[in-house]
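The file final36.cif comes next; it holds mmCIF, C-alpha atoms.
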```
data_query
loop_
_atom_site.label_atom_id
_atom_site.label_comp_id
_atom_site.auth_asym_id
_atom_site.auth_seq_id
_atom_site.Cartn_x
_atom_site.Cartn_y
_atom_site.Cartn_z
CA MET O 16 107.74 98.95 96.24
CA SER O 17 104.31 98.25 97.69
CA ARG O 18 104.75 100.85 100.42
CA SER O 19 105.50 103.48 97.80
CA VAL O 20 102.41 102.40 95.84
CA GLU O 21 100.38 102.61 99.06
CA LEU O 22 101.56 106.19 99.60
CA ILE O 23 100.81 107.15 96.01
CA VAL O 24 97.34 105.62 96.23
CA GLU O 25 96.68 107.35 99.57
CA GLY O 26 97.63 110.67 97.99
CA TYR O 27 95.33 110.19 95.03
CA VAL O 28 92.51 109.06 97.32
CA ARG O 29 92.94 112.23 99.40
CA LEU O 30 92.80 114.26 96.19
CA ASN O 31 89.80 112.20 95.03
CA ASP O 32 91.68 111.64 91.75
CA ARG O 33 89.91 108.60 90.32
CA ASP O 34 91.44 109.16 86.87
CA ALA O 35 95.00 108.96 88.17
CA LEU O 36 94.22 105.81 90.13
CA HIS O 37 92.57 104.28 87.08
CA ASP O 38 95.62 105.12 84.94
CA ILE O 39 97.95 103.45 87.46
CA LEU O 40 95.67 100.41 87.58
CA VAL O 41 95.60 100.06 83.79
CA HIS O 42 99.38 100.37 83.67
CA ARG O 43 99.89 97.66 86.32
CA GLN O 44 97.37 95.36 84.61
CA ASP O 45 99.22 95.77 81.31
CA LEU O 46 102.52 95.10 83.06
CA LEU O 47 101.06 91.94 84.62
CA ARG O 48 99.90 90.69 81.20
CA GLN O 49 103.40 91.24 79.85
CA LEU O 50 105.06 89.49 82.78
CA VAL O 51 102.84 86.43 82.41
CA SER O 52 104.07 85.97 78.84
CA VAL O 53 107.79 86.34 79.65
CA THR O 54 109.98 83.39 78.76
CA GLY O 55 113.59 82.66 79.64
CA ILE O 56 113.40 83.96 83.20
CA ASP O 57 111.25 83.24 86.22
CA PRO O 58 108.90 86.23 86.60
CA ARG O 59 106.99 84.85 89.64
CA GLN O 60 108.38 87.40 92.09
CA ALA O 61 107.59 90.32 89.77
CA ILE O 62 104.12 88.91 89.06
CA SER O 63 103.48 88.64 92.79
CA GLN O 64 104.63 92.22 93.37
CA VAL O 65 102.51 93.66 90.56
CA SER O 66 99.48 91.64 91.70
CA GLU O 67 99.90 93.07 95.21
CA GLU O 68 100.09 96.59 93.79
CA ILE O 69 96.91 96.00 91.76
CA THR O 70 95.13 94.95 94.95
CA ILE O 71 96.29 98.14 96.70
CA ILE O 72 95.14 100.33 93.81
CA GLU O 73 91.76 98.59 93.58
CA ALA O 74 91.27 99.08 97.33
CA GLY O 75 92.00 102.79 96.90
CA LEU O 76 89.52 103.06 94.04
CA ALA O 77 86.90 101.27 96.14
CA THR O 78 87.14 103.95 98.84
CA LEU O 79 86.23 106.74 96.43
CA ALA O 80 82.61 107.74 95.94
CA PRO O 81 81.19 106.43 92.67
CA ASP O 82 81.14 108.83 89.74
#
```
Could you spell out this file's structure in structure tokens?
Amino acid sequence: MSRSVELIVEGYVRLNDRDALHDILVHRQDLLRQLVSVTGIDPRQAISQVSEEITIIEAGLATLAPD
């Protein structure tokens, strides 16, 4: 999944679409909060994946010129 997130982020960076990147980031952060509170299963792998995606998205946002 991370490779697909990398490609999506690269596309939005090329388009200079900060809003789309921010929306993806907010979605992943919300997903991470939900995963942390899951009970009955072991969400560690999903938490790790989402955390990695957040890092990728934040790196993409960091490459864009400030508003």
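The spacing separating atom CA of Glu25 of chain O from atom CA of Gln44 of chain O amounts to 19.2 Å.
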Output the residue selection produced by the PyMOL selection byres ((chain O and resi 28) around 12) on the file above, formatted as a ChimeraX atom specification.
-> /O:21-27,29-37,71-80
Go ahead and compute the interatomic distance for atom CA of Ser17 of chain O and atom CA of Ile56 of chain O, in Å to one decimal.
-> 22.3 Å
Separation of atom CA of Leu40 of chain O from atom CA of Val65 of chain O, in Å and rounded to one decimal |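 Atom CA of Leu40 of chain O sits 10.1 Å away from atom CA of Val65 of chain O.
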Would you mind listing what lies within 12 Å of Arg48 of chain O as an mmCIF file with C-alpha atoms, in the frame of the given file, with all atoms listed in the file counted and same-chain residues fewer than 3 positions away left out?
```cif
data_model
loop_
_atom_site.group_PDB
_atom_site.id
_atom_site.type_symbol
_atom_site.label_atom_id
_atom_site.label_comp_id
_atom_site.auth_asym_id
_atom_site.auth_seq_id
_atom_site.Cartn_x
_atom_site.Cartn_y
_atom_site.Cartn_z
ATOM 1 C CA VAL O 41 95.600 100.060 83.790
ATOM 2 C CA HIS O 42 99.380 100.370 83.670
ATOM 3 C CA ARG O 43 99.890 97.660 86.320
ATOM 4 C CA GLN O 44 97.370 95.360 84.610
ATOM 5 C CA ASP O 45 99.220 95.770 81.310
ATOM 6 C CA VAL O 51 102.840 86.430 82.410
ATOM 7 C CA SER O 52 104.070 85.970 78.840
ATOM 8 C CA VAL O 53 107.790 86.340 79.650
ATOM 9 C CA PRO O 58 108.900 86.230 86.600
ATOM 10 C CA ALA O 61 107.590 90.320 89.770
ATOM 11 C CA ILE O 62 104.120 88.910 89.060
ATOM 12 C CA VAL O 65 102.510 93.660 90.560
ATOM 13 C CA SER O 66 99.480 91.640 91.700
#
```
